[in-house]
$ cat data-v9.txt   # compact mmCIF, C-alpha atoms
# COMPACT_ATOMS: atom_id res chain seq x y z
CA MET Y 1138 21.86 -14.14 9.34
CA ASN Y 1139 18.53 -15.38 8.10
CA SER Y 1140 16.97 -13.93 4.95
CA LEU Y 1141 14.76 -11.47 6.84
CA GLU Y 1142 17.72 -10.08 8.77
CA GLN Y 1143 19.68 -9.68 5.54
CA LEU Y 1144 16.75 -7.98 3.84
CA SER Y 1145 16.23 -5.56 6.72
CA GLN Y 1146 19.75 -4.22 6.16
CA LEU Y 1147 18.83 -3.20 2.62
CA THR Y 1148 15.13 -2.30 2.77
CA THR Y 1149 12.63 -0.91 5.27
CA ILE Y 1150 10.38 -3.80 6.33
CA VAL Y 1151 6.65 -3.11 6.56
CA ALA Y 1152 4.05 -5.55 7.90
CA ASP Y 1153 1.00 -5.91 5.68
CA THR Y 1154 -1.57 -6.85 8.32
CA GLY Y 1155 -4.06 -5.67 10.91
CA ASP Y 1156 -3.13 -8.53 13.23
CA LEU Y 1157 -1.81 -6.89 16.40
CA THR Y 1158 -0.30 -10.10 17.72
CA ALA Y 1159 1.67 -10.61 14.51
CA ILE Y 1160 2.86 -7.00 14.49
CA ALA Y 1161 4.05 -7.21 18.09
CA ARG Y 1162 5.92 -10.42 17.30
CA LEU Y 1163 7.47 -9.37 14.00
CA LYS Y 1164 8.44 -5.82 15.03
CA PRO Y 1165 8.31 -4.14 11.59
CA VAL Y 1166 9.23 -0.49 11.11
CA ASP Y 1167 5.91 0.45 9.46
CA ALA Y 1168 2.58 -1.27 8.95
CA THR Y 1169 -0.04 -1.14 6.20
CA THR Y 1170 -3.72 -1.95 6.30
CA ASN Y 1171 -6.46 -2.07 3.70
CA PRO Y 1172 -10.21 -2.76 3.83
CA SER Y 1173 -9.69 -6.50 3.34
CA LEU Y 1174 -7.14 -6.70 6.18
CA ILE Y 1175 -9.31 -4.60 8.48
CA THR Y 1176 -12.32 -6.81 7.80
CA ALA Y 1177 -10.23 -9.90 8.55
CA ALA Y 1178 -8.89 -8.32 11.74
CA PHE Y 1179 -12.33 -7.60 13.13
CA ALA Y 1180 -13.60 -11.04 12.11
CA SER Y 1181 -10.88 -12.63 14.25
CA GLY Y 1182 -12.55 -11.64 17.51
CA GLU Y 1183 -9.39 -9.84 18.63
CA HIS Y 1184 -11.16 -6.48 18.59
CA ASP Y 1185 -14.51 -7.23 20.21
CA GLU Y 1186 -13.92 -4.45 22.75
CA LEU Y 1187 -13.62 -1.91 19.95
CA LEU Y 1188 -16.75 -3.25 18.31
CA SER Y 1189 -18.66 -2.69 21.52
CA GLN Y 1190 -17.68 0.99 21.48
CA ILE Y 1191 -19.37 1.81 18.18
CA LYS Y 1192 -22.86 0.65 19.06
CA GLY Y 1193 -25.45 3.12 17.80
CA LEU Y 1194 -23.18 4.87 15.30
CA ASP Y 1195 -24.14 5.06 11.64
CA THR Y 1196 -22.24 2.65 9.41
CA ASP Y 1197 -19.79 5.13 7.87
CA THR Y 1198 -18.92 6.69 11.23
CA ALA Y 1199 -18.56 3.27 12.82
CA ILE Y 1200 -16.15 2.05 10.14
CA ASP Y 1201 -14.09 5.24 10.27
CA THR Y 1202 -13.92 4.96 14.06
CA LEU Y 1203 -12.81 1.34 13.89
CA THR Y 1204 -10.29 1.99 11.12
CA VAL Y 1205 -8.53 4.75 13.04
CA ALA Y 1206 -8.79 2.90 16.36
CA LEU Y 1207 -7.02 -0.08 14.80
CA GLY Y 1208 -4.40 2.22 13.28
CA HIS Y 1209 -3.86 3.79 16.71
CA GLN Y 1210 -3.29 0.38 18.27
CA ILE Y 1211 -0.85 -0.53 15.51
CA SER Y 1212 1.03 2.76 15.98
CA GLN Y 1213 1.73 1.79 19.59
CA LEU Y 1214 3.53 -1.35 18.40
CA ILE Y 1215 5.78 0.15 15.72
CA ALA Y 1216 8.34 2.94 15.53
CA GLY Y 1217 7.27 4.20 12.12
CA ARG Y 1218 4.12 4.91 10.17
CA VAL Y 1219 0.77 3.23 9.74
CA SER Y 1220 -1.04 3.40 6.40
CA THR Y 1221 -4.79 3.93 6.62
CA GLU Y 1222 -6.89 3.63 3.48
CA VAL Y 1223 -9.62 6.01 2.37
CA ASP Y 1224 -13.02 4.47 1.58
CA ALA Y 1225 -12.59 2.91 -1.87
CA ARG Y 1226 -16.00 4.24 -2.92
CA LEU Y 1227 -14.34 7.68 -3.06
CA SER Y 1228 -11.63 6.59 -5.51
CA PHE Y 1229 -12.92 8.83 -8.30
CA ASP Y 1230 -13.86 11.82 -6.12
CA THR Y 1231 -10.97 14.18 -5.39
CA ASP Y 1232 -12.79 16.49 -2.96
CA ALA Y 1233 -14.37 13.66 -0.97
CA THR Y 1234 -11.00 11.91 -0.70
CA ILE Y 1235 -9.38 15.06 0.66
CA ALA Y 1236 -12.17 15.53 3.19
CA LYS Y 1237 -11.92 11.92 4.36
CA ALA Y 1238 -8.15 12.20 4.73
CA HIS Y 1239 -8.51 15.27 6.94
CA ASP Y 1240 -11.13 13.47 9.00
CA TYR Y 1241 -8.75 10.55 9.56
CA ILE Y 1242 -5.89 12.85 10.54
CA GLU Y 1243 -8.14 14.69 13.01
CA ARG Y 1244 -9.29 11.39 14.49
CA TYR Y 1245 -5.69 10.23 14.87
CA ALA Y 1246 -4.74 13.54 16.51
CA LYS Y 1247 -7.46 13.08 19.13
CA LEU Y 1248 -5.87 9.71 19.96
CA GLY Y 1249 -2.42 11.27 20.24
CA VAL Y 1250 -1.03 10.06 16.92
CA ASP Y 1251 0.91 12.76 15.05
CA LYS Y 1252 0.16 13.14 11.34
CA GLU Y 1253 3.81 12.41 10.55
CA ARG Y 1254 3.15 8.83 11.65
CA VAL Y 1255 0.18 8.36 9.33
CA LEU Y 1256 0.11 7.65 5.61
CA ILE Y 1257 -3.24 8.11 3.91
CA LYS Y 1258 -3.73 5.31 1.39
CA ILE Y 1259 -5.50 6.31 -1.79
CA ALA Y 1260 -6.20 4.34 -4.97
CA SER Y 1261 -4.01 5.46 -7.89
CA THR Y 1262 -6.80 6.86 -10.06
CA TRP Y 1263 -6.28 10.29 -11.62
CA GLN Y 1264 -8.70 11.75 -9.08
CA GLY Y 1265 -6.94 9.99 -6.22
CA ILE Y 1266 -3.54 11.21 -7.36
CA LYS Y 1267 -4.82 14.79 -7.60
CA ALA Y 1268 -6.24 14.49 -4.08
CA ALA Y 1269 -2.87 13.26 -2.83
CA GLU Y 1270 -1.11 16.16 -4.55
CA GLN Y 1271 -3.21 18.65 -2.59
CA LEU Y 1272 -2.90 16.71 0.66
CA GLU Y 1273 0.89 16.60 0.39
CA LYS Y 1274 0.94 20.39 0.00
CA GLN Y 1275 -1.13 20.54 3.20
CA GLY Y 1276 1.40 18.41 5.07
CA ILE Y 1277 -0.56 15.15 4.95
CA HIS Y 1278 1.52 12.27 3.60
CA CYS Y 1279 0.04 9.77 1.17
CA ASN Y 1280 0.57 6.19 0.04
CA LEU Y 1281 -0.83 5.62 -3.45
CA THR Y 1282 -2.02 2.06 -3.74
CA LEU Y 1283 -3.48 -0.28 -6.37
CA LEU Y 1284 -0.67 0.78 -8.68
CA PHE Y 1285 -0.03 -1.45 -11.68
CA THR Y 1286 1.37 0.71 -14.49
CA ASP Y 1287 4.28 3.02 -15.28
CA THR Y 1288 1.71 5.70 -16.12
CA GLN Y 1289 0.27 5.61 -12.62
CA ALA Y 1290 3.77 5.69 -11.14
CA ARG Y 1291 4.79 8.67 -13.26
CA ALA Y 1292 1.65 10.64 -12.34
CA CYS Y 1293 2.26 9.93 -8.65
CA ALA Y 1294 5.82 11.22 -8.95
CA ASP Y 1295 4.56 14.33 -10.75
CA ALA Y 1296 2.19 14.89 -7.80
CA GLY Y 1297 5.01 14.59 -5.26
CA VAL Y 1298 3.35 11.88 -3.18
CA THR Y 1299 5.32 10.38 -0.30
CA LEU Y 1300 5.26 6.80 -1.53
CA ILE Y 1301 3.61 4.38 -3.92
CA SER Y 1302 2.66 0.72 -3.52
CA PRO Y 1303 3.06 -1.16 -6.82
CA PHE Y 1304 1.34 -4.55 -6.58
CA VAL Y 1305 3.72 -7.33 -7.55
CA GLY Y 1306 1.63 -10.45 -6.99
CA ARG Y 1307 -1.53 -9.27 -8.69
CA ILE Y 1308 0.45 -8.48 -11.83
CA THR Y 1309 2.04 -11.93 -11.66
CA ASP Y 1310 -1.38 -13.52 -11.23
CA TRP Y 1311 -2.57 -11.65 -14.33
CA GLN Y 1312 0.52 -12.78 -16.25
CA LYS Y 1313 -0.06 -16.43 -15.33
CA ALA Y 1314 -3.67 -16.27 -16.47
CA HIS Y 1315 -2.89 -14.26 -19.61
CA GLU Y 1316 -0.01 -16.51 -20.67
CA ASN Y 1317 -1.72 -19.68 -19.45
CA ARG Y 1318 1.26 -20.89 -17.42
CA GLN Y 1319 2.00 -21.29 -13.73
CA ASP Y 1320 5.79 -21.51 -13.67
CA ILE Y 1321 7.33 -18.11 -14.30
CA ALA Y 1322 11.00 -17.47 -13.61
CA ILE Y 1323 11.72 -14.45 -11.43
CA SER Y 1324 13.63 -12.90 -14.32
CA ASP Y 1325 10.43 -13.05 -16.41
CA ASP Y 1326 8.06 -12.05 -13.61
CA MET Y 1327 6.13 -9.00 -14.82
CA GLY Y 1328 5.27 -7.97 -11.26
CA VAL Y 1329 8.89 -7.97 -10.12
CA ASN Y 1330 10.10 -6.30 -13.29
CA SER Y 1331 7.41 -3.61 -13.00
CA VAL Y 1332 8.73 -2.53 -9.59
CA LYS Y 1333 12.31 -2.58 -10.86
CA SER Y 1334 11.34 -0.39 -13.80
CA ILE Y 1335 9.48 2.12 -11.62
CA TYR Y 1336 12.30 2.23 -9.07
CA GLN Y 1337 14.93 2.93 -11.74
CA PHE Y 1338 12.73 5.59 -13.36
CA TYR Y 1339 12.28 7.40 -10.05
CA LYS Y 1340 15.93 7.25 -9.06
CA SER Y 1341 17.32 8.16 -12.48
CA HIS Y 1342 15.13 11.29 -12.64
CA GLY Y 1343 15.60 12.35 -9.03
CA TYR Y 1344 12.04 11.93 -7.82
CA HIS Y 1345 11.66 11.83 -4.04
CA THR Y 1346 8.61 9.56 -4.01
CA GLN Y 1347 9.50 6.26 -2.36
CA VAL Y 1348 8.68 2.85 -3.81
CA MET Y 1349 7.13 0.22 -1.56
CA GLY Y 1350 6.66 -3.13 -3.29
CA ALA Y 1351 3.46 -4.88 -2.19
CA SER Y 1352 1.25 -7.92 -2.80
CA PHE Y 1353 3.85 -10.67 -2.84
CA ARG Y 1354 3.26 -14.33 -3.64
CA SER Y 1355 6.66 -15.75 -2.63
CA ILE Y 1356 9.86 -14.89 -0.79
CA GLU Y 1357 11.69 -15.22 -4.11
CA GLN Y 1358 9.78 -12.19 -5.40
CA ILE Y 1359 10.70 -10.29 -2.24
CA ILE Y 1360 14.39 -11.20 -2.41
CA ALA Y 1361 14.45 -10.13 -6.07
CA LEU Y 1362 13.56 -6.60 -4.91
CA ALA Y 1363 16.10 -6.29 -2.09
CA GLY Y 1364 17.20 -2.67 -1.92
CA CYS Y 1365 13.79 -1.24 -2.78
CA ASP Y 1366 12.93 1.69 -0.49
CA LEU Y 1367 10.31 -0.32 1.39
CA LEU Y 1368 8.60 -3.70 1.02
CA THR Y 1369 5.26 -4.46 2.69
CA ILE Y 1370 5.01 -8.16 3.45
CA SER Y 1371 2.39 -10.45 4.97
CA PRO Y 1372 3.16 -12.15 8.31
CA ALA Y 1373 3.27 -15.56 6.61
CA LEU Y 1374 6.00 -14.46 4.20
CA LEU Y 1375 7.87 -12.57 6.93
CA ASP Y 1376 7.97 -15.81 8.92
CA GLU Y 1377 9.15 -17.71 5.84
CA LEU Y 1378 11.96 -15.20 5.34
CA ALA Y 1379 12.92 -15.51 9.01
CA ASN Y 1380 13.18 -19.28 8.59
CA SER Y 1381 15.16 -19.07 5.34
CA GLN Y 1382 18.91 -18.99 4.89
CA LEU Y 1383 18.77 -17.85 1.27
CA ALA Y 1384 21.29 -15.15 0.44
CA VAL Y 1385 19.80 -11.68 -0.07
CA PRO Y 1386 22.12 -9.58 -2.22
CA ARG Y 1387 21.19 -6.02 -3.16
CA GLN Y 1388 19.16 -5.98 -6.39
CA LEU Y 1389 18.13 -2.32 -6.56
CA SER Y 1390 20.43 0.68 -6.15
CA ALA Y 1391 20.18 4.42 -6.56
CA ALA Y 1392 21.09 5.74 -9.99
CA ASP Y 1393 24.63 6.99 -10.61
CA ASN Y 1394 23.45 9.83 -12.85
CA ILE Y 1395 20.32 11.97 -12.55
CA THR Y 1396 18.66 13.13 -15.77
CA ALA Y 1397 15.98 15.76 -16.28
CA LYS Y 1398 12.42 14.87 -15.35
CA PRO Y 1399 9.99 14.46 -18.25
CA ALA Y 1400 7.09 16.88 -18.60
CA ALA Y 1401 4.21 16.18 -16.23
CA LEU Y 1402 1.41 14.04 -17.61
CA SER Y 1403 -1.90 15.70 -18.40
CA GLN Y 1404 -5.17 14.07 -17.39
CA ALA Y 1405 -5.87 13.31 -21.05
CA ASP Y 1406 -2.48 11.62 -21.49
CA PHE Y 1407 -2.94 9.66 -18.26
CA GLU Y 1408 -6.41 8.43 -19.13
CA LYS Y 1409 -5.47 7.55 -22.71
CA ALA Y 1410 -2.50 5.49 -21.52
CA GLN Y 1411 -4.53 3.78 -18.81
CA GLU Y 1412 -7.45 2.92 -21.07
CA SER Y 1413 -5.16 1.14 -23.51
CA HIS Y 1414 -3.08 -0.64 -20.85
CA PRO Y 1415 -3.95 -4.32 -20.28
CA LEU Y 1416 -3.34 -3.98 -16.52
CA ASN Y 1417 -5.82 -1.12 -16.06
CA SER Y 1418 -8.49 -3.73 -15.33
CA LEU Y 1419 -6.58 -4.64 -12.16
CA LEU Y 1420 -7.11 -1.13 -10.80
CA ILE Y 1421 -10.87 -1.36 -11.24
CA LYS Y 1422 -10.92 -4.90 -9.89
CA GLY Y 1423 -8.89 -3.80 -6.87
CA ILE Y 1424 -11.23 -0.91 -6.09
CA ASP Y 1425 -14.23 -3.22 -6.42
CA GLY Y 1426 -12.54 -5.73 -4.12
CA PHE Y 1427 -11.96 -3.13 -1.41
CA ILE Y 1428 -15.57 -1.96 -1.70
CA ALA Y 1429 -16.71 -5.57 -1.32
CA ALA Y 1430 -14.50 -5.97 1.76
CA ARG Y 1431 -16.08 -2.87 3.26
CA GLU Y 1432 -19.55 -4.28 2.61
CA LYS Y 1433 -18.51 -7.47 4.36
CA LEU Y 1434 -17.41 -5.42 7.37
CA VAL Y 1435 -20.79 -3.67 7.33
CA GLU Y 1436 -22.46 -7.08 7.52
CA GLN Y 1437 -20.26 -7.98 10.49
CA LEU Y 1438 -21.20 -4.76 12.27
CA ILE Y 1439 -24.90 -5.39 11.73
CA LYS Y 1440 -24.55 -8.85 13.27
CA ALA Y 1441 -22.39 -7.63 16.18
$ encode --input "data-v9.txt" --output "structure tokens"
Amino acid sequence: MNSLEQLSQLTTIVADTGDLTAIARLKPVDATTNPSLITAAFASGEHDELLSQIKGLDTDTAIDTLTVALGHQISQLIAGRVSTEVDARLSFDTDATIAKAHDYIERYAKLGVDKERVLIKIASTWQGIKAAEQLEKQGIHCNLTLLFTDTQARACADAGVTLISPFVGRITDWQKAHENRQDIAISDDMGVNSVKSIYQFYKSHGYHTQVMGASFRSIEQIIALAGCDLLTISPALLDELANSQLAVPRQLSAADNITAKPAALSQADFEKAQESHPLNSLLIKGIDGFIAAREKLVEQLIKA
């Protein structure tokens, strides 16, 4: 078996793309999108018919319509769930995030997509996590993204969210810049080790929130996390795995013993830990990046 086939026996494979052709070819279980991927998808020319359908709509409505329409198309190509991200400008507004999530679910329902097949992606701010906590109680499942710290992961578990997406590659990029070196062994890779730490914390305390490693830079990082609940992977790296014969042994396993969960974090504890954490800047940078991607999509719509 090739490396991708081996990995798929240990971990749920998710395609990190809005490219319908790639999804149809790769046949992942789930798929994830984000503002950057959506912008790239509509810039490809593959969705010109959809673009023609939103003429005359205001910008926000047009983008919401396109986002859900793309998610609907993706859902027809996969057996599992599609992750659809809330407008990053709402990352610090709990009520607005909840309202937007309900709007997306209603839009999906009108297209025949059941809410069980949709994950609402929300940035892992305190406000975003609190929004997800309420949404989960209302039967809307959430994927907490832009996650870089154990504090974020713990708060997400406290909130009972469906899954989290810790970003491996962006942490590794930060490590390379911070340590001024390019060659980092997998055993020393902070991004890989972060996911391992979060996974073990969840499993050892009996949390039901799933871990989906994201933002990979190499197949070696992916293979190092074999056994993680889910891994969302770009088409380029999925192809590289399919063409590789590297062995993929299980690296992550459920805990043998479950210990009591720690007390839930307060907002004050969360914010204090985040403010002092060197990786907190990646959360803000990530939100800003998604906002910039949205603005780029707005420019495309104006030109269309």
$ closest_residue --input "data-v9.txt" --among "Y:His1239, Y:Lys1313, Y:His1184, Y:Lys1409" --to "Ile1277 in chain Y" --atoms "all atoms listed in the file"
Y:His1239
$ closest_residue --input "data-v9.txt" --among "Y:Ser1145, Y:Thr1158, Y:Ser1341, Y:Gln1289" --to "Pro1372 in chain Y" --atoms "all atoms listed in the file"
Y:Thr1158
$ atom_distance --input "data-v9.txt" --atom1 "CA of Asp1295 in chain Y" --atom2 "CA of Arg1218 in chain Y"
22.9 Å
$ residues_near_point --input "data-v9.txt" --point "(-6.6, 2.6, -9.8)" --cutoff "7 Å" --atoms "only C-alpha atoms" --output "short mmCIF file (atom, residue, chain, number, x, y, z; two decimals) with C-alpha atoms, keeping the file's coordinate frame"
data_model
loop_
_atom_site.label_atom_id
_atom_site.label_comp_id
_atom_site.auth_asym_id
_atom_site.auth_seq_id
_atom_site.Cartn_x
_atom_site.Cartn_y
_atom_site.Cartn_z
CA ALA Y 1260 -6.20 4.34 -4.97
CA SER Y 1261 -4.01 5.46 -7.89
CA THR Y 1262 -6.80 6.86 -10.06
CA LEU Y 1283 -3.48 -0.28 -6.37
CA LEU Y 1284 -0.67 0.78 -8.68
CA LEU Y 1420 -7.11 -1.13 -10.80
CA ILE Y 1421 -10.87 -1.36 -11.24
CA ILE Y 1424 -11.23 -0.91 -6.09
#
$ atom_distance --input "data-v9.txt" --atom1 "CA of Ala1268 in chain Y" --atom2 "CA of Val1255 in chain Y"
16.1 Å
$ closest_residue --input "data-v9.txt" --among "Y:Phe1353, Y:Tyr1344, Y:Trp1311, Y:Phe1229" --to "Lys1267 in chain Y" --atoms "only C-alpha atoms"
Y:Phe1229
$ closest_residue --input "data-v9.txt" --among "Y:Ile1395, Y:Ile1360, Y:Asp1153, Y:Asn1171" --to "Gly1343 in chain Y" --atoms "only C-alpha atoms"
Y:Ile1395
$ closest_residue --input "data-v9.txt" --among "Y:Gln1411, Y:Thr1282, Y:Asn1417, Y:Gln1404" --to "Thr1169 in chain Y" --atoms "all atoms listed in the file"
Y:Thr1282
$ residues_near_point --input "data-v9.txt" --point "(9.5, 1.2, 12.8)" --cutoff "9 Å" --atoms "only C-alpha atoms" --output "list in words"
Thr1149, Ile1150, Val1151, Lys1164, Pro1165, Val1166, Asp1167, Ala1168, Leu1214, Ile1215, Ala1216, Gly1217 and Arg1218 of chain Y
$ residues_around --input "data-v9.txt" --residues "Thr1196 in chain Y" --least-positions-apart "6" --cutoff "10 Å" --atoms "all atoms listed in the file" --output "PyMOL selection string"
chain Y and resi 1202+1434-1436+1438-1439
$ closest_residue --input "data-v9.txt" --among "Y:Ser1355, Y:Gln1264, Y:Ile1370, Y:Ala1363" --to "Ser1302 in chain Y" --atoms "only C-alpha atoms"
Y:Ile1370
$ decode --input "data-v9.txt" --residues "range 1248-1271 of chain Y" --atoms "N, CA and C atoms" --output "mmCIF file, in the first residue's frame"
data_model
loop_
_atom_site.group_PDB
_atom_site.id
_atom_site.type_symbol
_atom_site.label_atom_id
_atom_site.label_comp_id
_atom_site.auth_asym_id
_atom_site.auth_seq_id
_atom_site.Cartn_x
_atom_site.Cartn_y
_atom_site.Cartn_z
ATOM 1 N N LEU Y 1248 -30.802 23.967 0.359
ATOM 2 C CA LEU Y 1248 -30.147 23.251 -0.742
ATOM 3 C C LEU Y 1248 -30.167 21.739 -0.520
ATOM 4 N N GLY Y 1249 -30.813 21.319 0.550
ATOM 5 C CA GLY Y 1249 -30.946 19.889 0.811
ATOM 6 C C GLY Y 1249 -29.805 19.263 1.582
ATOM 7 N N VAL Y 1250 -28.970 20.085 2.208
ATOM 8 C CA VAL Y 1250 -27.835 19.566 2.983
ATOM 9 C C VAL Y 1250 -28.195 19.581 4.468
ATOM 10 N N ASP Y 1251 -28.244 18.412 5.081
ATOM 11 C CA ASP Y 1251 -28.592 18.299 6.492
ATOM 12 C C ASP Y 1251 -27.503 18.913 7.368
ATOM 13 N N LYS Y 1252 -27.899 19.483 8.490
ATOM 14 C CA LYS Y 1252 -26.932 20.143 9.373
ATOM 15 C C LYS Y 1252 -25.891 19.176 9.923
ATOM 16 N N GLU Y 1253 -26.207 17.884 9.952
ATOM 17 C CA GLU Y 1253 -25.241 16.899 10.434
ATOM 18 C C GLU Y 1253 -24.056 16.761 9.488
ATOM 19 N N ARG Y 1254 -24.192 17.273 8.276
ATOM 20 C CA ARG Y 1254 -23.106 17.183 7.301
ATOM 21 C C ARG Y 1254 -22.336 18.497 7.185
ATOM 22 N N VAL Y 1255 -22.606 19.414 8.101
ATOM 23 C CA VAL Y 1255 -21.944 20.719 8.065
ATOM 24 C C VAL Y 1255 -21.235 20.970 9.391
ATOM 25 N N LEU Y 1256 -19.996 21.430 9.308
ATOM 26 C CA LEU Y 1256 -19.268 21.917 10.473
ATOM 27 C C LEU Y 1256 -19.067 23.414 10.290
ATOM 28 N N ILE Y 1257 -19.473 24.189 11.276
ATOM 29 C CA ILE Y 1257 -19.275 25.631 11.224
ATOM 30 C C ILE Y 1257 -17.889 25.943 11.783
ATOM 31 N N LYS Y 1258 -17.048 26.517 10.940
ATOM 32 C CA LYS Y 1258 -15.677 26.848 11.361
ATOM 33 C C LYS Y 1258 -15.654 28.227 12.005
ATOM 34 N N ILE Y 1259 -15.044 28.284 13.167
ATOM 35 C CA ILE Y 1259 -14.997 29.511 13.956
ATOM 36 C C ILE Y 1259 -13.586 29.669 14.512
ATOM 37 N N ALA Y 1260 -13.055 30.879 14.478
ATOM 38 C CA ALA Y 1260 -11.732 31.134 15.043
ATOM 39 C C ALA Y 1260 -11.752 30.888 16.550
ATOM 40 N N SER Y 1261 -10.648 30.355 17.069
ATOM 41 C CA SER Y 1261 -10.583 29.946 18.479
ATOM 42 C C SER Y 1261 -10.243 31.101 19.414
ATOM 43 N N THR Y 1262 -11.006 32.196 19.287
ATOM 44 C CA THR Y 1262 -10.976 33.260 20.288
ATOM 45 C C THR Y 1262 -11.897 32.853 21.435
ATOM 46 N N TRP Y 1263 -11.822 33.555 22.549
ATOM 47 C CA TRP Y 1263 -12.748 33.248 23.643
ATOM 48 C C TRP Y 1263 -14.192 33.426 23.180
ATOM 49 N N GLN Y 1264 -14.443 34.512 22.446
ATOM 50 C CA GLN Y 1264 -15.798 34.793 21.974
ATOM 51 C C GLN Y 1264 -16.265 33.732 20.978
ATOM 52 N N GLY Y 1265 -15.355 33.282 20.130
ATOM 53 C CA GLY Y 1265 -15.695 32.236 19.173
ATOM 54 C C GLY Y 1265 -15.994 30.917 19.860
ATOM 55 N N ILE Y 1266 -15.211 30.596 20.872
ATOM 56 C CA ILE Y 1266 -15.417 29.349 21.617
ATOM 57 C C ILE Y 1266 -16.757 29.374 22.351
ATOM 58 N N LYS Y 1267 -17.100 30.527 22.930
ATOM 59 C CA LYS Y 1267 -18.390 30.653 23.617
ATOM 60 C C LYS Y 1267 -19.554 30.546 22.629
ATOM 61 N N ALA Y 1268 -19.370 31.078 21.426
ATOM 62 C CA ALA Y 1268 -20.403 30.934 20.391
ATOM 63 C C ALA Y 1268 -20.580 29.463 20.037
ATOM 64 N N ALA Y 1269 -19.465 28.770 19.873
ATOM 65 C CA ALA Y 1269 -19.517 27.340 19.537
ATOM 66 C C ALA Y 1269 -20.190 26.539 20.641
ATOM 67 N N GLU Y 1270 -19.936 26.901 21.880
ATOM 68 C CA GLU Y 1270 -20.553 26.195 23.007
ATOM 69 C C GLU Y 1270 -22.077 26.271 22.916
ATOM 70 N N GLN Y 1271 -22.599 27.451 22.606
ATOM 71 C CA GLN Y 1271 -24.052 27.608 22.476
ATOM 72 C C GLN Y 1271 -24.574 26.881 21.243
#
